[in-house]
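What's in run-v1.cif: mmCIF, N, CA and C atoms
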data_data
loop_
_atom_site.group_PDB
_atom_site.id
_atom_site.type_symbol
_atom_site.label_atom_id
_atom_site.label_comp_id
_atom_site.auth_asym_id
_atom_site.auth_seq_id
_atom_site.Cartn_x
_atom_site.Cartn_y
_atom_site.Cartn_z
ATOM 1 N N MET A 1 -21.033 -16.094 -33.472
ATOM 2 C CA MET A 1 -22.215 -16.890 -33.227
ATOM 3 C C MET A 1 -21.864 -18.173 -32.490
ATOM 4 N N ASN A 2 -20.596 -18.408 -32.283
ATOM 5 C CA ASN A 2 -20.196 -19.636 -31.612
ATOM 6 C C ASN A 2 -20.834 -19.773 -30.235
ATOM 7 N N GLU A 3 -20.827 -18.713 -29.455
ATOM 8 C CA GLU A 3 -21.322 -18.788 -28.084
ATOM 9 C C GLU A 3 -22.818 -18.560 -27.979
ATOM 10 N N HIS A 4 -23.339 -17.542 -28.621
ATOM 11 C CA HIS A 4 -24.732 -17.172 -28.414
ATOM 12 C C HIS A 4 -25.666 -17.602 -29.539
ATOM 13 N N GLY A 5 -25.227 -18.502 -30.390
ATOM 14 C CA GLY A 5 -26.057 -18.961 -31.497
ATOM 15 C C GLY A 5 -26.623 -20.358 -31.306
ATOM 16 N N ASP A 6 -26.365 -20.968 -30.156
ATOM 17 C CA ASP A 6 -26.808 -22.334 -29.906
ATOM 18 C C ASP A 6 -28.019 -22.340 -28.971
ATOM 19 N N PRO A 7 -29.185 -22.762 -29.454
ATOM 20 C CA PRO A 7 -30.376 -22.774 -28.601
ATOM 21 C C PRO A 7 -30.199 -23.604 -27.328
ATOM 22 N N LYS A 8 -29.426 -24.681 -27.394
ATOM 23 C CA LYS A 8 -29.223 -25.531 -26.217
ATOM 24 C C LYS A 8 -28.452 -24.799 -25.123
ATOM 25 N N THR A 9 -27.604 -23.875 -25.522
ATOM 26 C CA THR A 9 -26.834 -23.086 -24.555
ATOM 27 C C THR A 9 -27.644 -21.889 -24.075
ATOM 28 N N GLU A 10 -28.373 -21.252 -24.959
ATOM 29 C CA GLU A 10 -29.071 -20.011 -24.633
ATOM 30 C C GLU A 10 -30.353 -20.214 -23.823
ATOM 31 N N GLU A 11 -31.125 -21.243 -24.122
ATOM 32 C CA GLU A 11 -32.393 -21.439 -23.419
ATOM 33 C C GLU A 11 -32.232 -21.556 -21.908
ATOM 34 N N PRO A 12 -31.263 -22.323 -21.375
ATOM 35 C CA PRO A 12 -31.103 -22.382 -19.921
ATOM 36 C C PRO A 12 -30.731 -21.032 -19.303
ATOM 37 N N ARG A 13 -30.164 -20.137 -20.087
ATOM 38 C CA ARG A 13 -29.805 -18.796 -19.625
ATOM 39 C C ARG A 13 -30.984 -17.832 -19.694
ATOM 40 N N GLY A 14 -32.111 -18.300 -20.250
ATOM 41 C CA GLY A 14 -33.254 -17.415 -20.443
ATOM 42 C C GLY A 14 -33.071 -16.516 -21.647
ATOM 43 N N GLN A 15 -32.208 -16.932 -22.565
ATOM 44 C CA GLN A 15 -31.931 -16.132 -23.743
ATOM 45 C C GLN A 15 -32.378 -16.859 -25.001
ATOM 46 N N ILE A 16 -32.369 -16.131 -26.100
ATOM 47 C CA ILE A 16 -32.741 -16.662 -27.404
ATOM 48 C C ILE A 16 -31.468 -16.759 -28.235
ATOM 49 N N ALA A 17 -31.293 -17.868 -28.931
ATOM 50 C CA ALA A 17 -30.117 -18.031 -29.786
ATOM 51 C C ALA A 17 -30.132 -16.998 -30.910
ATOM 52 N N LEU A 18 -28.972 -16.423 -31.182
ATOM 53 C CA LEU A 18 -28.842 -15.447 -32.262
ATOM 54 C C LEU A 18 -28.843 -16.150 -33.615
ATOM 55 N N THR A 19 -29.315 -15.431 -34.616
ATOM 56 C CA THR A 19 -29.341 -15.945 -35.982
ATOM 57 C C THR A 19 -28.504 -15.019 -36.875
ATOM 58 N N LYS A 20 -28.263 -15.451 -38.095
ATOM 59 C CA LYS A 20 -27.564 -14.597 -39.059
ATOM 60 C C LYS A 20 -28.333 -13.303 -39.268
ATOM 61 N N GLU A 21 -29.659 -13.397 -39.263
ATOM 62 C CA GLU A 21 -30.488 -12.206 -39.457
ATOM 63 C C GLU A 21 -30.283 -11.198 -38.326
ATOM 64 N N ASP A 22 -30.096 -11.682 -37.098
ATOM 65 C CA ASP A 22 -29.825 -10.771 -35.981
ATOM 66 C C ASP A 22 -28.539 -9.999 -36.231
ATOM 67 N N PHE A 23 -27.509 -10.675 -36.720
ATOM 68 C CA PHE A 23 -26.237 -10.009 -37.003
ATOM 69 C C PHE A 23 -26.363 -9.034 -38.170
ATOM 70 N N GLN A 24 -27.193 -9.364 -39.137
ATOM 71 C CA GLN A 24 -27.415 -8.456 -40.262
ATOM 72 C C GLN A 24 -28.118 -7.180 -39.820
ATOM 73 N N ARG A 25 -28.760 -7.211 -38.673
ATOM 74 C CA ARG A 25 -29.478 -6.040 -38.151
ATOM 75 C C ARG A 25 -28.578 -5.111 -37.351
ATOM 76 N N ILE A 26 -27.309 -5.434 -37.168
ATOM 77 C CA ILE A 26 -26.426 -4.595 -36.355
ATOM 78 C C ILE A 26 -26.459 -3.129 -36.794
ATOM 79 N N PRO A 27 -26.365 -2.795 -38.082
ATOM 80 C CA PRO A 27 -26.429 -1.371 -38.439
ATOM 81 C C PRO A 27 -27.704 -0.689 -37.939
ATOM 82 N N ASP A 28 -28.848 -1.353 -38.031
ATOM 83 C CA ASP A 28 -30.099 -0.771 -37.546
ATOM 84 C C ASP A 28 -30.097 -0.649 -36.020
ATOM 85 N N ILE A 29 -29.557 -1.637 -35.333
ATOM 86 C CA ILE A 29 -29.493 -1.597 -33.871
ATOM 87 C C ILE A 29 -28.656 -0.415 -33.414
ATOM 88 N N VAL A 30 -27.533 -0.179 -34.087
ATOM 89 C CA VAL A 30 -26.629 0.914 -33.710
ATOM 90 C C VAL A 30 -27.206 2.274 -34.110
ATOM 91 N N GLU A 31 -27.836 2.349 -35.265
ATOM 92 C CA GLU A 31 -28.370 3.632 -35.751
ATOM 93 C C GLU A 31 -29.718 4.002 -35.127
ATOM 94 N N ASN A 32 -30.501 3.003 -34.711
ATOM 95 C CA ASN A 32 -31.848 3.255 -34.183
ATOM 96 C C ASN A 32 -32.120 2.456 -32.910
ATOM 97 N N PRO A 33 -31.266 2.568 -31.906
ATOM 98 C CA PRO A 33 -31.485 1.777 -30.689
ATOM 99 C C PRO A 33 -32.666 2.308 -29.885
ATOM 100 N N ASP A 34 -33.239 1.448 -29.072
ATOM 101 C CA ASP A 34 -34.257 1.894 -28.124
ATOM 102 C C ASP A 34 -33.583 2.480 -26.886
ATOM 103 N N LYS A 35 -32.364 2.062 -26.638
ATOM 104 C CA LYS A 35 -31.610 2.555 -25.489
ATOM 105 C C LYS A 35 -30.125 2.317 -25.733
ATOM 106 N N VAL A 36 -29.304 3.241 -25.242
ATOM 107 C CA VAL A 36 -27.852 3.083 -25.263
ATOM 108 C C VAL A 36 -27.381 3.348 -23.839
ATOM 109 N N GLU A 37 -26.493 2.495 -23.345
ATOM 110 C CA GLU A 37 -26.019 2.670 -21.979
ATOM 111 C C GLU A 37 -24.569 2.243 -21.849
ATOM 112 N N SER A 38 -23.949 2.732 -20.805
ATOM 113 C CA SER A 38 -22.599 2.297 -20.485
ATOM 114 C C SER A 38 -22.664 0.852 -20.018
ATOM 115 N N ALA A 39 -21.691 0.070 -20.427
ATOM 116 C CA ALA A 39 -21.622 -1.325 -19.999
ATOM 117 C C ALA A 39 -20.321 -1.576 -19.246
ATOM 118 N N GLY A 40 -19.766 -0.532 -18.650
ATOM 119 C CA GLY A 40 -18.557 -0.700 -17.846
ATOM 120 C C GLY A 40 -17.295 -0.629 -18.675
ATOM 121 N N LYS A 41 -16.344 -1.468 -18.330
ATOM 122 C CA LYS A 41 -15.028 -1.486 -18.981
ATOM 123 C C LYS A 41 -14.762 -2.848 -19.596
ATOM 124 N N SER A 42 -13.987 -2.858 -20.663
ATOM 125 C CA SER A 42 -13.586 -4.108 -21.301
ATOM 126 C C SER A 42 -12.400 -4.704 -20.542
ATOM 127 N N ALA A 43 -11.971 -5.865 -20.957
ATOM 128 C CA ALA A 43 -10.797 -6.493 -20.355
ATOM 129 C C ALA A 43 -9.561 -5.630 -20.543
ATOM 130 N N LEU A 44 -9.572 -4.757 -21.553
ATOM 131 C CA LEU A 44 -8.450 -3.846 -21.801
ATOM 132 C C LEU A 44 -8.589 -2.544 -21.016
ATOM 133 N N GLY A 45 -9.684 -2.410 -20.241
ATOM 134 C CA GLY A 45 -9.908 -1.204 -19.466
ATOM 135 C C GLY A 45 -10.542 -0.072 -20.254
ATOM 136 N N LEU A 46 -11.034 -0.364 -21.446
ATOM 137 C CA LEU A 46 -11.676 0.654 -22.282
ATOM 138 C C LEU A 46 -13.180 0.680 -22.025
ATOM 139 N N ASP A 47 -13.794 1.829 -22.256
ATOM 140 C CA ASP A 47 -15.237 1.959 -22.072
ATOM 141 C C ASP A 47 -15.981 1.057 -23.046
ATOM 142 N N VAL A 48 -17.083 0.512 -22.564
ATOM 143 C CA VAL A 48 -17.921 -0.381 -23.360
ATOM 144 C C VAL A 48 -19.337 0.201 -23.367
ATOM 145 N N ILE A 49 -19.966 0.168 -24.537
ATOM 146 C CA ILE A 49 -21.346 0.635 -24.642
ATOM 147 C C ILE A 49 -22.247 -0.509 -25.097
ATOM 148 N N ARG A 50 -23.490 -0.448 -24.643
ATOM 149 C CA ARG A 50 -24.471 -1.473 -24.968
ATOM 150 C C ARG A 50 -25.638 -0.795 -25.686
ATOM 151 N N TYR A 51 -25.923 -1.266 -26.905
ATOM 152 C CA TYR A 51 -27.086 -0.822 -27.663
ATOM 153 C C TYR A 51 -28.184 -1.843 -27.415
ATOM 154 N N ILE A 52 -29.384 -1.357 -27.136
ATOM 155 C CA ILE A 52 -30.501 -2.252 -26.841
ATOM 156 C C ILE A 52 -31.624 -1.960 -27.835
ATOM 157 N N LYS A 53 -32.109 -3.023 -28.459
ATOM 158 C CA LYS A 53 -33.169 -2.883 -29.467
ATOM 159 C C LYS A 53 -34.229 -3.953 -29.211
ATOM 160 N N LYS A 54 -35.466 -3.514 -29.053
ATOM 161 C CA LYS A 54 -36.568 -4.439 -28.843
ATOM 162 C C LYS A 54 -37.120 -4.839 -30.205
ATOM 163 N N ASP A 55 -37.021 -6.122 -30.515
ATOM 164 C CA ASP A 55 -37.485 -6.631 -31.797
ATOM 165 C C ASP A 55 -37.535 -8.149 -31.714
ATOM 166 N N ASN A 56 -38.730 -8.699 -31.566
ATOM 167 C CA ASN A 56 -38.856 -10.149 -31.437
ATOM 168 C C ASN A 56 -37.941 -10.645 -30.321
ATOM 169 N N GLY A 57 -38.058 -10.026 -29.178
ATOM 170 C CA GLY A 57 -37.150 -10.219 -28.062
ATOM 171 C C GLY A 57 -36.374 -8.924 -27.896
ATOM 172 N N ILE A 58 -35.367 -8.941 -27.081
ATOM 173 C CA ILE A 58 -34.542 -7.757 -26.891
ATOM 174 C C ILE A 58 -33.108 -8.123 -27.243
ATOM 175 N N ILE A 59 -32.540 -7.387 -28.205
ATOM 176 C CA ILE A 59 -31.182 -7.648 -28.665
ATOM 177 C C ILE A 59 -30.235 -6.662 -27.986
ATOM 178 N N TYR A 60 -29.132 -7.185 -27.463
ATOM 179 C CA TYR A 60 -28.083 -6.386 -26.827
ATOM 180 C C TYR A 60 -26.833 -6.501 -27.689
ATOM 181 N N HIS A 61 -26.367 -5.386 -28.209
ATOM 182 C CA HIS A 61 -25.160 -5.343 -29.036
ATOM 183 C C HIS A 61 -24.123 -4.540 -28.255
ATOM 184 N N ILE A 62 -22.948 -5.108 -28.034
ATOM 185 C CA ILE A 62 -21.956 -4.489 -27.168
ATOM 186 C C ILE A 62 -20.689 -4.176 -27.955
ATOM 187 N N GLU A 63 -20.221 -2.920 -27.810
ATOM 188 C CA GLU A 63 -19.036 -2.455 -28.520
ATOM 189 C C GLU A 63 -18.069 -1.791 -27.547
ATOM 190 N N GLU A 64 -16.807 -1.804 -27.917
ATOM 191 C CA GLU A 64 -15.745 -1.173 -27.140
ATOM 192 C C GLU A 64 -15.388 0.156 -27.798
ATOM 193 N N ILE A 65 -15.234 1.196 -26.986
ATOM 194 C CA ILE A 65 -14.897 2.513 -27.517
ATOM 195 C C ILE A 65 -13.386 2.675 -27.489
ATOM 196 N N ARG A 66 -12.807 2.924 -28.645
ATOM 197 C CA ARG A 66 -11.361 3.162 -28.742
ATOM 198 C C ARG A 66 -11.164 4.602 -29.175
ATOM 199 N N LYS A 67 -10.739 5.421 -28.245
ATOM 200 C CA LYS A 67 -10.567 6.847 -28.508
ATOM 201 C C LYS A 67 -9.486 7.091 -29.555
ATOM 202 N N GLY A 68 -9.744 8.083 -30.388
ATOM 203 C CA GLY A 68 -8.773 8.455 -31.402
ATOM 204 C C GLY A 68 -8.817 7.583 -32.642
ATOM 205 N N ARG A 69 -9.723 6.628 -32.674
ATOM 206 C CA ARG A 69 -9.851 5.769 -33.851
ATOM 207 C C ARG A 69 -11.273 5.865 -34.355
ATOM 208 N N ARG A 70 -11.451 5.568 -35.603
ATOM 209 C CA ARG A 70 -12.794 5.595 -36.184
ATOM 210 C C ARG A 70 -13.383 4.198 -36.245
ATOM 211 N N HIS A 71 -12.914 3.355 -35.354
ATOM 212 C CA HIS A 71 -13.332 1.956 -35.334
ATOM 213 C C HIS A 71 -13.870 1.638 -33.939
ATOM 214 N N VAL A 72 -15.067 1.100 -33.883
ATOM 215 C CA VAL A 72 -15.664 0.689 -32.616
ATOM 216 C C VAL A 72 -15.842 -0.831 -32.689
ATOM 217 N N PRO A 73 -14.923 -1.589 -32.080
ATOM 218 C CA PRO A 73 -14.965 -3.045 -32.225
ATOM 219 C C PRO A 73 -16.179 -3.699 -31.560
ATOM 220 N N PHE A 74 -16.718 -4.666 -32.241
ATOM 221 C CA PHE A 74 -17.790 -5.514 -31.732
ATOM 222 C C PHE A 74 -17.204 -6.394 -30.631
ATOM 223 N N LEU A 75 -17.883 -6.475 -29.485
ATOM 224 C CA LEU A 75 -17.431 -7.360 -28.417
ATOM 225 C C LEU A 75 -18.346 -8.563 -28.247
ATOM 226 N N SER A 76 -19.637 -8.310 -28.200
ATOM 227 C CA SER A 76 -20.569 -9.407 -27.960
ATOM 228 C C SER A 76 -21.973 -8.983 -28.375
ATOM 229 N N MET A 77 -22.831 -9.961 -28.464
ATOM 230 C CA MET A 77 -24.227 -9.706 -28.791
ATOM 231 C C MET A 77 -25.017 -10.866 -28.219
ATOM 232 N N TYR A 78 -26.164 -10.566 -27.626
ATOM 233 C CA TYR A 78 -27.038 -11.619 -27.131
ATOM 234 C C TYR A 78 -28.473 -11.129 -27.186
ATOM 235 N N LYS A 79 -29.407 -12.066 -27.020
ATOM 236 C CA LYS A 79 -30.824 -11.743 -27.183
ATOM 237 C C LYS A 79 -31.608 -12.400 -26.055
ATOM 238 N N THR A 80 -32.515 -11.632 -25.449
ATOM 239 C CA THR A 80 -33.357 -12.170 -24.391
ATOM 240 C C THR A 80 -34.812 -12.150 -24.835
ATOM 241 N N LYS A 81 -35.609 -12.914 -24.142
ATOM 242 C CA LYS A 81 -37.042 -12.935 -24.423
ATOM 243 C C LYS A 81 -37.669 -11.664 -23.884
ATOM 244 N N ALA A 82 -38.630 -11.137 -24.621
ATOM 245 C CA ALA A 82 -39.399 -9.998 -24.119
ATOM 246 C C ALA A 82 -40.464 -10.550 -23.191
ATOM 247 N N GLY A 83 -40.696 -9.858 -22.110
ATOM 248 C CA GLY A 83 -41.692 -10.311 -21.151
ATOM 249 C C GLY A 83 -42.065 -9.169 -20.244
ATOM 250 N N ALA A 84 -42.811 -9.452 -19.219
ATOM 251 C CA ALA A 84 -43.298 -8.404 -18.319
ATOM 252 C C ALA A 84 -42.152 -7.562 -17.778
ATOM 253 N N ALA A 85 -41.084 -8.195 -17.308
ATOM 254 C CA ALA A 85 -39.971 -7.435 -16.727
ATOM 255 C C ALA A 85 -39.243 -6.627 -17.789
ATOM 256 N N SER A 86 -39.074 -7.195 -18.969
ATOM 257 C CA SER A 86 -38.315 -6.489 -19.995
ATOM 258 C C SER A 86 -39.178 -5.527 -20.800
ATOM 259 N N ASP A 87 -40.488 -5.591 -20.641
ATOM 260 C CA ASP A 87 -41.353 -4.653 -21.341
ATOM 261 C C ASP A 87 -41.498 -3.337 -20.591
ATOM 262 N N ALA A 88 -41.107 -3.316 -19.326
ATOM 263 C CA ALA A 88 -41.074 -2.064 -18.583
ATOM 264 C C ALA A 88 -40.034 -1.214 -19.292
ATOM 265 N N PRO A 89 -39.794 0.047 -18.876
ATOM 266 C CA PRO A 89 -38.772 0.785 -19.605
ATOM 267 C C PRO A 89 -37.564 -0.122 -19.755
ATOM 268 N N LEU A 90 -37.029 -0.164 -20.922
ATOM 269 C CA LEU A 90 -35.951 -1.115 -21.191
ATOM 270 C C LEU A 90 -34.885 -1.043 -20.119
ATOM 271 N N GLN A 91 -34.654 -2.161 -19.488
ATOM 272 C CA GLN A 91 -33.655 -2.266 -18.437
ATOM 273 C C GLN A 91 -32.693 -3.370 -18.818
ATOM 274 N N SER A 92 -31.505 -3.307 -18.251
ATOM 275 C CA SER A 92 -30.549 -4.379 -18.468
ATOM 276 C C SER A 92 -31.007 -5.590 -17.689
ATOM 277 N N PRO A 93 -30.756 -6.782 -18.213
ATOM 278 C CA PRO A 93 -31.155 -7.967 -17.485
ATOM 279 C C PRO A 93 -30.376 -8.079 -16.184
ATOM 280 N N ALA A 94 -30.953 -8.743 -15.197
ATOM 281 C CA ALA A 94 -30.299 -8.888 -13.900
ATOM 282 C C ALA A 94 -28.937 -9.551 -14.057
ATOM 283 N N LYS A 95 -28.854 -10.554 -14.927
ATOM 284 C CA LYS A 95 -27.572 -11.188 -15.196
ATOM 285 C C LYS A 95 -27.155 -10.759 -16.585
ATOM 286 N N SER A 96 -26.468 -9.637 -16.654
ATOM 287 C CA SER A 96 -25.997 -9.116 -17.921
ATOM 288 C C SER A 96 -24.961 -10.054 -18.501
ATOM 289 N N PRO A 97 -24.184 -9.621 -19.451
ATOM 290 C CA PRO A 97 -23.346 -10.571 -20.164
ATOM 291 C C PRO A 97 -22.273 -11.230 -19.335
ATOM 292 N N SER A 98 -22.587 -11.677 -18.117
ATOM 293 C CA SER A 98 -21.642 -12.570 -17.476
ATOM 294 C C SER A 98 -21.596 -13.813 -18.345
ATOM 295 N N GLN A 99 -22.671 -14.018 -19.117
ATOM 296 C CA GLN A 99 -22.692 -15.115 -20.070
ATOM 297 C C GLN A 99 -21.678 -14.874 -21.172
ATOM 298 N N ALA A 100 -21.265 -13.637 -21.342
ATOM 299 C CA ALA A 100 -20.303 -13.309 -22.393
ATOM 300 C C ALA A 100 -18.954 -12.993 -21.782
ATOM 301 N N SER A 101 -18.656 -13.605 -20.638
ATOM 302 C CA SER A 101 -17.425 -13.267 -19.924
ATOM 303 C C SER A 101 -16.183 -13.607 -20.726
ATOM 304 N N GLU A 102 -16.330 -14.442 -21.757
ATOM 305 C CA GLU A 102 -15.167 -14.729 -22.588
ATOM 306 C C GLU A 102 -14.768 -13.501 -23.418
ATOM 307 N N THR A 103 -15.693 -12.546 -23.562
ATOM 308 C CA THR A 103 -15.373 -11.363 -24.345
ATOM 309 C C THR A 103 -15.017 -10.170 -23.466
ATOM 310 N N PHE A 104 -15.634 -10.050 -22.326
ATOM 311 C CA PHE A 104 -15.262 -9.003 -21.374
ATOM 312 C C PHE A 104 -15.883 -9.318 -20.032
ATOM 313 N N PRO A 105 -15.319 -8.803 -18.950
ATOM 314 C CA PRO A 105 -15.845 -9.120 -17.632
ATOM 315 C C PRO A 105 -17.241 -8.543 -17.438
ATOM 316 N N PRO A 106 -18.027 -9.121 -16.514
ATOM 317 C CA PRO A 106 -19.365 -8.592 -16.262
ATOM 318 C C PRO A 106 -19.318 -7.110 -15.939
ATOM 319 N N CYS A 107 -20.327 -6.389 -16.388
ATOM 320 C CA CYS A 107 -20.317 -4.941 -16.208
ATOM 321 C C CYS A 107 -21.156 -4.473 -15.035
ATOM 322 N N PHE A 108 -21.822 -5.325 -14.346
ATOM 323 C CA PHE A 108 -22.638 -4.870 -13.236
ATOM 324 C C PHE A 108 -22.117 -5.417 -11.938
#

How would this structure read if it were set down as C-alpha cells?
Amino acid sequence: MNEHGDPKTEEPRGQIALTKEDFQRIPDIVENPDKVESAGKSALGLDVIRYIKKDNGIIYHIEEIRKGRRHVPFLSMYKTKAGAASDAPLQSPAKSPSQASETFPPCF
C-alpha cells in the first residue's frame, strides 16, 4: 500500500487510492474477475497476468506466473475510476501500470 494507497499520489494519475478493504478482496478478484489478461513480462522475464474487477471503480490485481510452483506472487495492485471509457467492455487503461514501474516494467 506504500505506493498506491496515498490519495495525493493516486488522484493526479486518475486513480483511486487503495484501502485495506481492497486488499482483503484479492481472493474474490482472483476467483471472480470480470476479465483476465496477459500483462506482458515481469522484470525477471516471467509472464504476468492482470485480473480486472469492476467494483466501486475498477481494481487491477497483477501477479507473476512461476511455472512449476504452486505460488503466484503478487506484483502490484491499483484502482481506477469507473467512467464512460472504462464502462465499455473492460479495457486496460491507456497508461497501464507504468505507475507501478517499481514492481515491473510497463506491459504495453

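Nearest-residue note for Tyr78 in chain A: choosing from A:Val36, A:Ile65, A:Leu18, A:Ile29, the minimum distance belongs to A:Leu18, counting only C-alpha atoms.
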
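Pairwise distance (CA of Thr19 in chain A, CA of Lys81 in chain A) equals 14.2 Å.
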
(Q) List the spatial neighbours of Glu37 in chain A as a VMD selection string - criterion: any atom at most 8 Å away, only N, CA and C atoms, same-chain residues fewer than 5 positions off excluded. (A) chain A and resid 48 to 52

Quick one: 4 Å padding each side, axis-aligned, all listed atoms of range 59-68 of chain A - centre and edge lengths in Å to one decimal, as JSON?
{"center_x": -20.7, "center_y": 0.4, "center_z": -29.7, "size_x": 31.8, "size_y": 24.1, "size_z": 13.8}

Q) If the PyMOL selection byres ((chain A and resi 34) around 6) is run on the structure shown, which residues does it catch, given as a list in words? A) Asn32, Pro33, Lys35, Val36, Ile52, Lys53 and Lys54 of chain A

Q.
I'd like the interatomic distance between CA of Phe23 in chain A and CA of Pro73 in chain A, to a tenth of an Å.
A.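 It comes out at 14.1 Å.
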